[in-house]
Amino acid sequence: MNPETLKQAVALNDGIKKKLGSIKKAVAVMCPPSLYFSQLKTKTASKKFFYGLQNIAKDKSGAFTGEISASMAGNAGVSYVIIGHSERRALGETDEEICKKIELALAEGIHPILCVGEPKMEDNAGYVSFIKNQLVKCLAGVTASSITDVIIAYEPLSAIGAKQPVTSYEIHQRNIFIKKVLADMYGKTKAFEVTILYGGSVNAENAKELVDGGEVDGLLVGRASLDVDDFIGILRAMDSIS
């Protein structure tokens, strides 16, 4: 629920827009509160700056007051949607509900950003079964022809809002494992075509190392996305990666 006001959201959006000219390769997706989506999208959407939502309903249509369906999102021009974020899961969202949302998003041509991650970082392989179960259940309705339209965001709960993210080595280990699970489900070729992000205490200072060392394709940015200079700094860090 940030920024708190439309005025703040517009100021943040315009501040980023003014500095986008310095970004050559990186692509950004902004997922504001749904109330702000339409106004922000008309101001800045471009080939390197897209807009998405933070969530959609698990039902295709019906009398569900307060919900936003995938078809409503598609008609409004939504390109991406975050699904299964840890904060949504903490509110009781299940893997089965997430699976339904992913199917509905894909049917509308919207790229789902599926969040997975263990509740506590462990030195042993305790994360293996946890993340595998999330992937298998959440992607149960996704076919091989559609899996490359899904983005996987690895976000360990212990790293969200922490002073330090997990190490790039740990991210790399999870990245390899996620690709292995995807390869078992869809084949190696498809698995390596899926975009994988890391999320958790990302900032302009650590962004390059997290992506380089973790060998991920990009980042799911939280707190730093609310500061123009921090967010642009992250995009510049992405630009610097060969």
# chains A, B, ... in the order shown; residues from 1 in each chain; ligands from 1
call {"tool": "residues_around", "arguments": {"residues": "Cys115 (chain A)", "least_positions_apart": "5", "cutoff": "7 Å", "atoms": "only C-alpha atoms", "output": "list in words"}}
result
Ile83, Gly84, His85, Ile152, Ala153, Tyr154 and Glu155 of chain A
call {"tool": "select_by_dssp", "arguments": {"residues": "region 41-205 of chain A", "states": "alpha helix (DSSP H)", "output": "PyMOL selection string"}}
result
chain A and resi 41-44+70-75+86-90+95-107+127-138+168-186+188-191
call {"tool": "closest_residue", "arguments": {"among": "A:Phe130, A:Tyr198, A:Phe177, A:Tyr186", "to": "Ile160 (chain A)", "atoms": "only C-alpha atoms"}}
result
A:Tyr198
call {"tool": "closest_residue", "arguments": {"among": "A:Glu87, A:Asp230, A:Glu96, A:Glu118", "to": "Lys58 (chain A)", "atoms": "only C-alpha atoms"}}
result
A:Glu96
call {"tool": "residues_around", "arguments": {"residues": "Gly213 (chain A)", "least_positions_apart": "5", "cutoff": "9 Å", "atoms": "only C-alpha atoms", "output": "number ranges by chain"}}
result
A: 167-169, 171-172, 208
call {"tool": "select_by_dssp", "arguments": {"residues": "region 122-238 of chain A", "states": "strand (DSSP E or B)", "output": "list in words"}}
result
Ile151, Ile152, Ala153, Tyr154, Thr195, Ile196, Leu197, Tyr198, Gly199, Gly218, Leu219 and Leu220 of chain A
call {"tool": "write_last_selection", "arguments": {"atoms": "C-alpha atoms", "output": "short mmCIF file (atom, residue, chain, number, x, y, z; two decimals), in the first residue's frame"}}
result
data_model
loop_
_atom_site.label_atom_id
_atom_site.label_comp_id
_atom_site.auth_asym_id
_atom_site.auth_seq_id
_atom_site.Cartn_x
_atom_site.Cartn_y
_atom_site.Cartn_z
CA ILE A 151 8.41 -15.13 -14.49
CA ILE A 152 9.69 -16.76 -11.31
CA ALA A 153 10.69 -14.46 -8.44
CA TYR A 154 12.69 -16.11 -5.66
CA THR A 195 13.08 -15.52 -16.49
CA ILE A 196 14.14 -15.81 -12.84
CA LEU A 197 14.32 -12.85 -10.47
CA TYR A 198 15.58 -12.38 -6.93
CA GLY A 199 13.74 -10.27 -4.35
CA GLY A 218 16.73 -9.50 -12.75
CA LEU A 219 15.33 -8.28 -9.44
CA LEU A 220 12.00 -7.91 -7.64
#
call {"tool": "atom_distance", "arguments": {"atom1": "CA of Lys100 (chain A)", "atom2": "CA of Ser69 (chain A)"}}
result
11.5 Å
